[in-house]
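Down below is the structure, laid out as structure tokens.
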Amino acid sequence: MDRRRQRRRHETWEELRARLIEETSAYLTEALRHPEFAIRIPVIPAGQGQFPPSLARAFWEPLLTD
């Protein structure tokens, strides 16, 4: 469900907090159930090299074009 398109009544801070905790919990539960969907982020320690531009494109393109 795309929550951005729903019109939402004004939420109190307590309602907002409860909703954010619920959504975060659901996201983390699903992520733990399906670790195969995790996106691995390539890492190079600071000051020890650079990523080639082709790796940056290969990493970001699928994420930004879905």
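Chain labels run A, B, ... following the order of the structure tokens; each chain numbers its residues from 1, and ligands are numbered from 1 in the order shown.
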Name the residues of chain A that fall into helix (DSSP H, G or I) according to DSSP on the backbone, using the chain letters and numbers of this document, as a ChimeraX atom specification. /A:3-5,13-33,35-37,53-65
Compile the contact shell of stretch 41-48 of chain A as a PyMOL selection string: residues with an atom at most 10 Å away, counting only C-alpha atoms, same-chain residues fewer than 4 positions apart removed. chain A and resi 55-56+59
Pairwise distance for atom CA of A:Pro52 and atom CA of A:Arg40, rounded to one decimal in Å: 16.9 Å
